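The structure appears below as structure tokens.
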Amino acid sequence: MLVVGGYGTVGGDLTRLAAPSWPLLLTGRTPEKGKALADEVGAEVRRWDLSDPEPFSARVRAVISTVNDPDDRVMLAAIRGGVPYVDITRWTARLQRATAVAAVNPPKAPVLLSSSWMGGVSALVTAALAAELGGAAEAQIAIRYDLKDRAGTDSVEFMDRLGLDYEVTENGQRQMIMPLSDAGFVEIGEHRTKVARIDTPEQFTLPLVLGLDTAITRIGFSANSSTSTLLALKKTGFFRWGRGDSFEKTRRSMLYSPGEGGSALLRIDVRGRGGERRTAVIKDAAGQAHLTALGGLLGLRRVLGADGAEAPTGVVFPEMTPVPQDVVSALEKAGVEVTVS
């Protein structure tokens with residue numbers, strides 16, 4: 001099993017989760033940084049810098065990417081090698097591009113684009129709730145981003161997209177939305193959290209897969225004052241005139257100050273066609289990186305047909321799971337709290 005970025009913040013957690021099930025090959029730009037982890041879990045570590053044109057070759061059973069792959073090198077290598085592939089890193093525009101690239105280069109092995117929030121966890125749980133209801137018309141996702149949690153540098157990449165309007169499906173109509181709009185408070189677990197709109201891939205895929213009329217994702221931070229600061233900056237137009245490369249460090253420094261650890265917390269509300277509702281609150285005390293890694297692990301099981309169902313074919317998204325009834329129990333077995341009401 002090849003884990004690209006296998007000793008980074010999310011990749012390291014994924015490596016530890018996957019090591020009991022498969023032999024692993026970890027790659028990254030500086031393999032000496034991954035030696036201790038590789039020794040810990042009995043993995044091999046090699047260099048693969050995605051910005052380096054030098055080709056990379058390995059015999060592996062499947063590939064999962066935990067790092068940005070803007071030129072689709074990892075995905076194309078997996079497709080050309082006929083190897084199952086999972087990606088947990090793409091924002092919506094890159095996911096759409098990957099879908100087009102895979103259409104031009106039809107895969108013989110499954111390609112799972114699992115980059116909805118937390119490595120596909122948000123989409124998986126939405127699918128589970130929709131299955132309970134016998135179908136769904138609406139899903140609303142509210143995320144509490146813990147500023148004290150461990151985080152990799154790519155974890156605040158969404159800061160670079162706050163000046164770009166994005167498309168959503170709402171009340172059966174596609175429309176353009178401004179990031180950080182529609183702000184308000186949501187009870188997420190025990191926390192009254194100020195949240196606002198954000199571009200995430202599940203808002204693109206959930207209506208396609210589950211036939212939703214409305215799919216909305218909002219995000220807020222563990223300190224409501226941080227959310228208020230972003231909303232105030234939005235009013236100045238900063239995220240439009242300050243979205244160039246020269247302001248990248250400034251944008252990311254507003255939120256990228258990773259701590260020693262925190263909790264991953266999100267709430268998903270799903271409404272059925274008959275008006276019935278289900279709410280799930282998902283909490284991972286091990287943090288956001290762990291929950292994202294767990295989403296990646298579930299993705300690997302899916303493309304290998306190791307989750308109790310036959311492996312898929314072609315390009316798929318996490319909410320296309322054939323076993324939605326098993327999603328909650330799979331999360332709980334990994335130590336995640338899921339409260340459904």
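As shown in the structure tokens, the chain order sets the letters A, B, ...; within each chain, residues go from 1, and ligands are also counted from 1 in the order they appear.
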Practice task
Using only C-alpha atoms, determine which residues lie at most 10 Å from Thr30 of chain A, disregarding the query and same-chain residues fewer than 4 positions distant; provide the list as number ranges by chain.
Solution key: A: 5, 7, 34-35, 45-49
From segment 102-177 of chain A, collect each residue whose DSSP state is strand (DSSP E) and return the set as an mmCIF file with C-alpha atoms, in the first residue's frame.
```
data_model
loop_
_atom_site.group_PDB
_atom_site.id
_atom_site.type_symbol
_atom_site.label_atom_id
_atom_site.label_comp_id
_atom_site.auth_asym_id
_atom_site.auth_seq_id
_atom_site.Cartn_x
_atom_site.Cartn_y
_atom_site.Cartn_z
ATOM 1 C CA VAL A 111 -10.667 5.966 -8.290
ATOM 2 C CA LEU A 112 -12.235 7.261 -5.069
ATOM 3 C CA LEU A 113 -12.250 11.057 -4.749
ATOM 4 C CA GLU A 138 -31.643 18.347 2.194
ATOM 5 C CA ALA A 139 -28.360 18.126 4.086
ATOM 6 C CA GLN A 140 -26.771 20.842 6.179
ATOM 7 C CA ILE A 141 -23.300 20.350 7.621
ATOM 8 C CA ALA A 142 -21.813 22.532 10.364
ATOM 9 C CA ILE A 143 -18.105 22.195 11.217
ATOM 10 C CA ARG A 144 -16.322 23.327 14.368
ATOM 11 C CA TYR A 145 -12.642 23.792 13.484
ATOM 12 C CA TYR A 166 -18.684 28.915 -5.632
ATOM 13 C CA GLU A 167 -21.678 26.974 -6.894
ATOM 14 C CA VAL A 168 -24.141 25.118 -4.678
ATOM 15 C CA THR A 169 -27.493 23.436 -5.119
ATOM 16 C CA GLU A 170 -30.210 25.005 -3.007
ATOM 17 C CA GLN A 173 -31.495 25.334 -8.191
ATOM 18 C CA ARG A 174 -27.786 25.832 -8.820
ATOM 19 C CA GLN A 175 -26.572 29.215 -7.685
ATOM 20 C CA MET A 176 -23.365 31.053 -6.873
ATOM 21 C CA ILE A 177 -22.576 31.708 -3.212
#
```
Problem - Straight-line distance linking atom CA of Trp91 of chain A with atom CA of Phe204 of chain A, stated in Å to one decimal - result: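 That distance, rounded to one decimal, is 10.4 Å.
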Exercise for the section: Identify which of the residues A:Val281, A:Ile219, A:Ala131, A:Leu76 lies closest to Glu190 of chain A, counting only C-alpha atoms when measuring atom-to-atom distances. Expected result: A:Val281
Problem - Contact residues around segment 224-226 of chain A with only C-alpha atoms at 8 Å, ignoring same-chain residues under 3 positions, as an NGL selection string - result: :A and (193-194 or 220-221 or 229-230)
Just all heavy atoms for this one: save the residues we selected as a compact mmCIF listing (two decimals), in the first residue's frame.
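Listed below is the output, selection-v7.txt:
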```txt
# COMPACT_ATOMS: atom_id res chain seq x y z
N THR A 193 -21.72 27.56 18.23
CA THR A 193 -20.64 27.93 17.31
C THR A 193 -21.15 28.85 16.22
O THR A 193 -22.17 28.58 15.58
CB THR A 193 -20.03 26.66 16.68
OG1 THR A 193 -19.64 25.76 17.71
CG2 THR A 193 -18.83 27.00 15.82
N LYS A 194 -20.42 29.92 16.01
CA LYS A 194 -20.74 30.84 14.92
C LYS A 194 -20.17 30.28 13.63
O LYS A 194 -18.97 30.01 13.54
CB LYS A 194 -20.15 32.23 15.19
CG LYS A 194 -20.68 33.32 14.26
CD LYS A 194 -20.19 34.69 14.72
CE LYS A 194 -20.89 35.81 13.95
NZ LYS A 194 -20.45 37.15 14.44
N GLY A 220 -17.15 27.09 11.42
CA GLY A 220 -16.86 28.06 12.46
C GLY A 220 -15.67 27.57 13.25
O GLY A 220 -15.26 26.40 13.13
N PHE A 221 -15.11 28.42 14.07
CA PHE A 221 -13.89 28.07 14.77
C PHE A 221 -14.13 27.97 16.26
O PHE A 221 -15.12 28.49 16.80
CB PHE A 221 -12.80 29.10 14.43
CG PHE A 221 -12.60 29.19 12.96
CD1 PHE A 221 -13.16 30.23 12.23
CD2 PHE A 221 -11.91 28.21 12.28
CE1 PHE A 221 -13.02 30.30 10.86
CE2 PHE A 221 -11.76 28.26 10.91
CZ PHE A 221 -12.32 29.30 10.19
N THR A 229 -13.68 37.72 13.22
CA THR A 229 -12.59 38.43 12.56
C THR A 229 -12.60 38.17 11.06
O THR A 229 -12.45 39.10 10.25
CB THR A 229 -11.23 38.01 13.15
OG1 THR A 229 -11.19 38.37 14.53
CG2 THR A 229 -10.08 38.68 12.42
N LEU A 230 -12.81 36.91 10.67
CA LEU A 230 -12.88 36.59 9.24
C LEU A 230 -14.06 37.29 8.58
O LEU A 230 -13.94 37.80 7.46
CB LEU A 230 -12.98 35.09 9.04
CG LEU A 230 -11.74 34.24 9.33
CD1 LEU A 230 -12.00 32.80 8.94
CD2 LEU A 230 -10.52 34.78 8.60
```
Exercise for the section: Do a neighbour search on Asp87 of chain A at 8 Å with only C-alpha atoms, toss out local chain neighbours closer than 6 positions, and write the hits as a count of residues only. Expected result: 8
Problem - Closest of A:Ser222, A:Gln96, A:Ser228, A:Ser122 to Leu206 of chain A - atom-to-atom distances counting only C-alpha atoms - result: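 Comparing A:Ser222, A:Gln96, A:Ser228, A:Ser122 against Leu206 of chain A, the winner is A:Ser122.
Of the listed residues A:Thr339, A:Arg302, A:Gly314, A:Phe239, the one whose atoms come nearest to Leu124 of chain A is A:Arg302, with distances taken using only C-alpha atoms.
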Problem - Contact residues around segment 258-268 of chain A with only C-alpha atoms at 8 Å, ignoring same-chain residues under 2 positions, as a PyMOL selection string - result: chain A and resi 122+125-126+139-152+188-189+256+270+279-288+291
Can I get the selected residues back with N, CA and C atoms, as a compact mmCIF listing (two decimals), in the first residue's frame?
```
# COMPACT_ATOMS: atom_id res chain seq x y z
N SER A 122 -17.85 13.35 6.29
CA SER A 122 -19.11 14.11 6.24
C SER A 122 -20.07 13.51 5.21
N VAL A 125 -21.44 9.92 6.45
CA VAL A 125 -22.49 9.99 7.47
C VAL A 125 -23.77 10.56 6.88
N THR A 126 -23.66 11.51 5.96
CA THR A 126 -24.85 12.02 5.28
C THR A 126 -25.56 10.89 4.54
N ALA A 139 -29.41 18.39 3.10
CA ALA A 139 -28.36 18.13 4.09
C ALA A 139 -27.67 19.43 4.42
N GLN A 140 -27.50 19.67 5.72
CA GLN A 140 -26.77 20.84 6.18
C GLN A 140 -25.68 20.36 7.13
N ILE A 141 -24.47 20.77 6.86
CA ILE A 141 -23.30 20.35 7.62
C ILE A 141 -22.69 21.57 8.30
N ALA A 142 -22.44 21.45 9.60
CA ALA A 142 -21.81 22.53 10.36
C ALA A 142 -20.54 21.98 11.01
N ILE A 143 -19.42 22.65 10.78
CA ILE A 143 -18.10 22.20 11.22
C ILE A 143 -17.57 23.13 12.29
N ARG A 144 -17.04 22.55 13.35
CA ARG A 144 -16.32 23.33 14.37
C ARG A 144 -14.84 23.00 14.22
N TYR A 145 -14.07 23.97 13.74
CA TYR A 145 -12.64 23.79 13.48
C TYR A 145 -11.88 24.20 14.73
N ASP A 146 -11.19 23.24 15.35
CA ASP A 146 -10.49 23.48 16.61
C ASP A 146 -9.12 24.09 16.33
N LEU A 147 -8.94 25.35 16.73
CA LEU A 147 -7.70 26.06 16.46
C LEU A 147 -6.53 25.54 17.28
N LYS A 148 -6.81 24.76 18.32
CA LYS A 148 -5.74 24.20 19.16
C LYS A 148 -5.26 22.84 18.67
N ASP A 149 -5.88 22.31 17.65
CA ASP A 149 -5.59 20.96 17.21
C ASP A 149 -4.31 20.90 16.39
N ARG A 150 -3.76 19.68 16.29
CA ARG A 150 -2.65 19.45 15.36
C ARG A 150 -3.15 19.69 13.94
N ALA A 151 -2.30 20.25 13.11
CA ALA A 151 -2.72 20.53 11.74
C ALA A 151 -1.52 20.64 10.84
N GLY A 152 -1.65 20.13 9.63
CA GLY A 152 -0.62 20.31 8.62
C GLY A 152 -0.80 21.64 7.91
N ILE A 188 -23.28 22.75 18.05
CA ILE A 188 -22.51 21.60 17.59
C ILE A 188 -22.01 20.88 18.84
N GLY A 189 -22.67 19.80 19.18
CA GLY A 189 -22.39 19.17 20.46
C GLY A 189 -22.75 20.11 21.59
N TYR A 256 -3.46 29.32 10.89
CA TYR A 256 -2.52 28.23 11.05
C TYR A 256 -1.59 28.49 12.23
N VAL A 270 -30.02 16.08 8.23
CA VAL A 270 -30.57 15.59 6.98
C VAL A 270 -32.09 15.54 7.08
N THR A 279 -30.30 13.90 12.80
CA THR A 279 -29.13 14.72 13.11
C THR A 279 -28.04 13.84 13.67
N ALA A 280 -26.84 14.00 13.18
CA ALA A 280 -25.68 13.28 13.71
C ALA A 280 -24.64 14.29 14.18
N VAL A 281 -24.15 14.10 15.39
CA VAL A 281 -23.02 14.88 15.90
C VAL A 281 -21.84 13.92 15.99
N ILE A 282 -20.76 14.28 15.32
CA ILE A 282 -19.58 13.42 15.22
C ILE A 282 -18.45 14.09 15.98
N LYS A 283 -17.87 13.36 16.92
CA LYS A 283 -16.76 13.89 17.71
C LYS A 283 -15.63 12.88 17.74
N ASP A 284 -14.45 13.34 17.37
CA ASP A 284 -13.25 12.51 17.47
C ASP A 284 -12.29 13.21 18.42
N ALA A 285 -12.16 12.67 19.61
CA ALA A 285 -11.28 13.28 20.62
C ALA A 285 -9.82 13.24 20.19
N ALA A 286 -9.49 12.37 19.24
CA ALA A 286 -8.11 12.29 18.74
C ALA A 286 -7.79 13.39 17.74
N GLY A 287 -8.80 14.15 17.33
CA GLY A 287 -8.54 15.33 16.52
C GLY A 287 -8.88 15.21 15.05
N GLN A 288 -8.70 16.35 14.39
CA GLN A 288 -9.10 16.48 12.99
C GLN A 288 -8.23 15.65 12.06
N LEU A 291 -9.40 12.00 12.35
CA LEU A 291 -10.67 11.73 11.70
C LEU A 291 -10.51 11.75 10.18
```
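All residues of protein, DNA or RNA that reach within 9 Å of segment 299-301 of chain A, judged by only C-alpha atoms and not counting those fewer than 5 positions away in the chain, are Ala18, Ala62, Val63, Ile64, Pro84, Tyr85, Val86, Asp87, Ile88, Leu112, Leu113, Ser114, Gly119, Gly120, Leu294, Ala306, Asp307, Gly308, Ala311 and Pro318 of chain A.
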Problem - Neighbour list for Ser181 of chain A as a PyMOL selection string, cut-off 10 Å, only C-alpha atoms, skip fewer than 2 positions in-chain - result: chain A and resi 177-179+183-184+195-198+218+231+234
Write the residues of the preceding selection, restricted to N, CA and C atoms, as a short mmCIF file (atom, residue, chain, number, x, y, z; two decimals), in the first residue's frame.
```cif
data_model
loop_
_atom_site.label_atom_id
_atom_site.label_comp_id
_atom_site.auth_asym_id
_atom_site.auth_seq_id
_atom_site.Cartn_x
_atom_site.Cartn_y
_atom_site.Cartn_z
N ILE A 177 -22.56 31.28 -4.61
CA ILE A 177 -22.58 31.71 -3.21
C ILE A 177 -21.25 32.39 -2.87
N MET A 178 -21.31 33.42 -2.05
CA MET A 178 -20.11 34.08 -1.57
C MET A 178 -19.62 33.40 -0.29
N PRO A 179 -18.35 33.01 -0.22
CA PRO A 179 -17.84 32.43 1.03
C PRO A 179 -18.07 33.37 2.22
N ALA A 183 -24.09 33.87 7.77
CA ALA A 183 -23.53 33.54 9.09
C ALA A 183 -24.64 33.41 10.13
N GLY A 184 -24.39 32.55 11.10
CA GLY A 184 -25.33 32.37 12.20
C GLY A 184 -24.77 31.38 13.20
N VAL A 195 -21.03 30.08 12.64
CA VAL A 195 -20.60 29.44 11.40
C VAL A 195 -21.01 30.27 10.19
N ALA A 196 -20.32 30.06 9.08
CA ALA A 196 -20.64 30.75 7.82
C ALA A 196 -20.25 29.83 6.67
N ARG A 197 -20.73 30.16 5.49
CA ARG A 197 -20.57 29.29 4.33
C ARG A 197 -19.10 29.12 3.92
N ILE A 198 -18.81 27.91 3.43
CA ILE A 198 -17.48 27.60 2.92
C ILE A 198 -17.61 26.61 1.77
N ARG A 218 -21.24 24.81 6.36
CA ARG A 218 -20.75 26.02 7.04
C ARG A 218 -19.64 25.63 7.99
N LEU A 231 -15.19 37.31 9.27
CA LEU A 231 -16.36 37.98 8.71
C LEU A 231 -16.11 39.47 8.53
N LYS A 234 -13.88 39.97 5.56
CA LYS A 234 -14.64 39.80 4.33
C LYS A 234 -15.31 41.11 3.93
#
```
